[in-house]
Amino acid sequence: MMDAALISALTGGLLIGLSATCMLWLLGRITGISGIFAGCLMPASDGIWRFLFVAGLIAGPWLFHEFTATPAPLPSEAGLLPTVLAGLLVGFGTRMGGGCTSGHGVCGIGRLSLRSIVSTMVFISVGVITVFITRHLLG
C-alpha cells in the first residue's frame, strides 16, 4: 500500500505534466512560469491568459487546502524579508538564464533539449550548494 505523501507527489507530478502538455498543445507555448509572469508585468497582445494562469497558481493551492482539509505548509523560518529577497533573486536569475525550472526542467527535459538539461543540472547544483552553505556553514 502506498502512503498518502507518495500518492500526493505522484498526483502532483502527473498534473504538472498534463498541464504543461495542454499548454503546449492548446496554446503552442512552453509553461515557463517566469516568462508567463514577466508577460503580466509587460502586457503583450496575446490576451488575458497570462493573468488567468498566475491567478490559478495562487488560487489552486488555496482551494486544495480548503477543500481537502490538508494543512497549509508553515511559513518560511527565514522570515518575510529574506524570502522576498530570495524570490526576487530567483526571478532575476531566471530572466538572465533565459528560463526557469518549470520551463527548462518540466518542458525542456521532456523535449530532450540539451540546453534545458544543462540548465536544470545547474539549477539543482546551485540549490544544493546554497542549502549546504546556509544550513551547515552559516548556521
# chains A, B, ... in the order shown; residues from 1 in each chain; ligands from 1

call {"tool": "residues_around", "arguments": {"residues": "segment 30-44 of chain A", "least_positions_apart": "5", "cutoff": "6 Å", "atoms": "only C-alpha atoms", "output": "PyMOL selection string"}}
result
chain A and resi 20+24+50+102-103

call {"tool": "select_by_dssp", "arguments": {"residues": "chain A", "states": "alpha helix (DSSP H)", "output": "ChimeraX atom specification"}}
result
/A:4-27,33-41,49-68,80-96,109-110,114-132

call {"tool": "write_last_selection", "arguments": {"atoms": "C-alpha atoms", "output": "PDB file, in the first residue's frame"}}
result
ATOM      1  CA  ALA A   4      -0.529   9.446   1.217  1.00  0.00           C
ATOM      2  CA  ALA A   5       2.628  11.518   0.655  1.00  0.00           C
ATOM      3  CA  LEU A   6       3.700   9.313  -2.252  1.00  0.00           C
ATOM      4  CA  ILE A   7       0.244   9.406  -3.819  1.00  0.00           C
ATOM      5  CA  SER A   8       0.116  13.183  -3.407  1.00  0.00           C
ATOM      6  CA  ALA A   9       3.553  13.609  -5.021  1.00  0.00           C
ATOM      7  CA  LEU A  10       2.704  11.313  -7.932  1.00  0.00           C
ATOM      8  CA  THR A  11      -0.628  13.039  -8.498  1.00  0.00           C
ATOM      9  CA  GLY A  12       1.002  16.465  -8.399  1.00  0.00           C
ATOM     10  CA  GLY A  13       3.685  15.392 -10.862  1.00  0.00           C
ATOM     11  CA  LEU A  14       1.111  13.944 -13.240  1.00  0.00           C
ATOM     12  CA  LEU A  15      -0.999  17.100 -13.071  1.00  0.00           C
ATOM     13  CA  ILE A  16       2.039  19.315 -13.739  1.00  0.00           C
ATOM     14  CA  GLY A  17       2.988  17.186 -16.747  1.00  0.00           C
ATOM     15  CA  LEU A  18      -0.586  17.155 -18.037  1.00  0.00           C
ATOM     16  CA  SER A  19      -0.964  20.916 -17.681  1.00  0.00           C
ATOM     17  CA  ALA A  20       2.369  21.573 -19.432  1.00  0.00           C
ATOM     18  CA  THR A  21       1.300  19.265 -22.266  1.00  0.00           C
ATOM     19  CA  CYS A  22      -2.074  21.011 -22.577  1.00  0.00           C
ATOM     20  CA  MET A  23      -0.377  24.416 -22.657  1.00  0.00           C
ATOM     21  CA  LEU A  24       1.882  23.270 -25.480  1.00  0.00           C
ATOM     22  CA  TRP A  25      -0.931  21.599 -27.453  1.00  0.00           C
ATOM     23  CA  LEU A  26      -3.584  24.277 -26.946  1.00  0.00           C
ATOM     24  CA  LEU A  27      -1.535  27.500 -26.982  1.00  0.00           C
ATOM     25  CA  ILE A  33       6.406  30.457 -15.064  1.00  0.00           C
ATOM     26  CA  SER A  34       8.997  33.256 -15.102  1.00  0.00           C
ATOM     27  CA  GLY A  35       8.172  34.125 -18.713  1.00  0.00           C
ATOM     28  CA  ILE A  36       4.436  33.978 -18.082  1.00  0.00           C
ATOM     29  CA  PHE A  37       4.758  36.200 -15.021  1.00  0.00           C
ATOM     30  CA  ALA A  38       7.069  38.639 -16.856  1.00  0.00           C
ATOM     31  CA  GLY A  39       4.387  38.889 -19.553  1.00  0.00           C
ATOM     32  CA  CYS A  40       1.939  40.003 -16.867  1.00  0.00           C
ATOM     33  CA  LEU A  41       4.286  42.829 -15.900  1.00  0.00           C
ATOM     34  CA  TRP A  49      -4.394  34.014 -20.409  1.00  0.00           C
ATOM     35  CA  ARG A  50      -1.193  35.003 -18.542  1.00  0.00           C
ATOM     36  CA  PHE A  51      -3.168  36.718 -15.769  1.00  0.00           C
ATOM     37  CA  LEU A  52      -5.542  33.758 -15.523  1.00  0.00           C
ATOM     38  CA  PHE A  53      -2.597  31.370 -15.354  1.00  0.00           C
ATOM     39  CA  VAL A  54      -0.934  33.317 -12.500  1.00  0.00           C
ATOM     40  CA  ALA A  55      -4.305  33.617 -10.712  1.00  0.00           C
ATOM     41  CA  GLY A  56      -4.643  29.832 -10.970  1.00  0.00           C
ATOM     42  CA  LEU A  57      -1.175  29.382  -9.475  1.00  0.00           C
ATOM     43  CA  ILE A  58      -2.253  31.442  -6.491  1.00  0.00           C
ATOM     44  CA  ALA A  59      -5.799  30.123  -6.132  1.00  0.00           C
ATOM     45  CA  GLY A  60      -5.028  26.447  -6.799  1.00  0.00           C
ATOM     46  CA  PRO A  61      -3.110  25.650  -3.606  1.00  0.00           C
ATOM     47  CA  TRP A  62      -5.531  27.699  -1.519  1.00  0.00           C
ATOM     48  CA  LEU A  63      -8.514  25.812  -2.990  1.00  0.00           C
ATOM     49  CA  PHE A  64      -6.743  22.489  -2.482  1.00  0.00           C
ATOM     50  CA  HIS A  65      -6.174  23.181   1.210  1.00  0.00           C
ATOM     51  CA  GLU A  66      -9.719  24.497   1.654  1.00  0.00           C
ATOM     52  CA  PHE A  67     -11.451  21.504   0.044  1.00  0.00           C
ATOM     53  CA  THR A  68      -9.201  18.698   1.286  1.00  0.00           C
ATOM     54  CA  LEU A  80       9.351  37.660   5.122  1.00  0.00           C
ATOM     55  CA  LEU A  81      12.230  39.915   4.018  1.00  0.00           C
ATOM     56  CA  PRO A  82      14.752  37.148   3.197  1.00  0.00           C
ATOM     57  CA  THR A  83      12.000  35.173   1.470  1.00  0.00           C
ATOM     58  CA  VAL A  84      11.016  38.148  -0.715  1.00  0.00           C
ATOM     59  CA  LEU A  85      14.672  38.917  -1.496  1.00  0.00           C
ATOM     60  CA  ALA A  86      15.293  35.279  -2.416  1.00  0.00           C
ATOM     61  CA  GLY A  87      12.262  35.319  -4.707  1.00  0.00           C
ATOM     62  CA  LEU A  88      13.470  38.481  -6.423  1.00  0.00           C
ATOM     63  CA  LEU A  89      16.936  36.976  -6.898  1.00  0.00           C
ATOM     64  CA  VAL A  90      15.428  33.819  -8.368  1.00  0.00           C
ATOM     65  CA  GLY A  91      13.281  35.904 -10.711  1.00  0.00           C
ATOM     66  CA  PHE A  92      16.293  37.960 -11.788  1.00  0.00           C
ATOM     67  CA  GLY A  93      18.337  34.807 -12.337  1.00  0.00           C
ATOM     68  CA  THR A  94      15.661  33.126 -14.413  1.00  0.00           C
ATOM     69  CA  ARG A  95      15.438  36.152 -16.690  1.00  0.00           C
ATOM     70  CA  MET A  96      19.231  36.212 -17.048  1.00  0.00           C
ATOM     71  CA  ILE A 109      13.746  17.960 -20.477  1.00  0.00           C
ATOM     72  CA  GLY A 110      10.531  16.402 -21.787  1.00  0.00           C
ATOM     73  CA  LEU A 114      20.266  19.808 -24.258  1.00  0.00           C
ATOM     74  CA  ARG A 115      20.118  23.464 -23.155  1.00  0.00           C
ATOM     75  CA  SER A 116      17.313  22.624 -20.730  1.00  0.00           C
ATOM     76  CA  ILE A 117      19.055  19.532 -19.382  1.00  0.00           C
ATOM     77  CA  VAL A 118      22.229  21.533 -18.674  1.00  0.00           C
ATOM     78  CA  SER A 119      20.233  24.451 -17.208  1.00  0.00           C
ATOM     79  CA  THR A 120      18.319  22.128 -14.885  1.00  0.00           C
ATOM     80  CA  MET A 121      21.547  20.485 -13.728  1.00  0.00           C
ATOM     81  CA  VAL A 122      22.922  23.967 -12.928  1.00  0.00           C
ATOM     82  CA  PHE A 123      19.685  24.959 -11.078  1.00  0.00           C
ATOM     83  CA  ILE A 124      19.762  21.827  -8.936  1.00  0.00           C
ATOM     84  CA  SER A 125      23.511  22.062  -8.245  1.00  0.00           C
ATOM     85  CA  VAL A 126      23.297  25.707  -7.171  1.00  0.00           C
ATOM     86  CA  GLY A 127      20.300  24.857  -4.981  1.00  0.00           C
ATOM     87  CA  VAL A 128      22.204  22.055  -3.254  1.00  0.00           C
ATOM     88  CA  ILE A 129      25.245  24.308  -2.714  1.00  0.00           C
ATOM     89  CA  THR A 130      23.065  27.148  -1.406  1.00  0.00           C
ATOM     90  CA  VAL A 131      21.293  24.889   1.085  1.00  0.00           C
ATOM     91  CA  PHE A 132      24.614  23.436   2.237  1.00  0.00           C
TER      92      PHE A 132
END
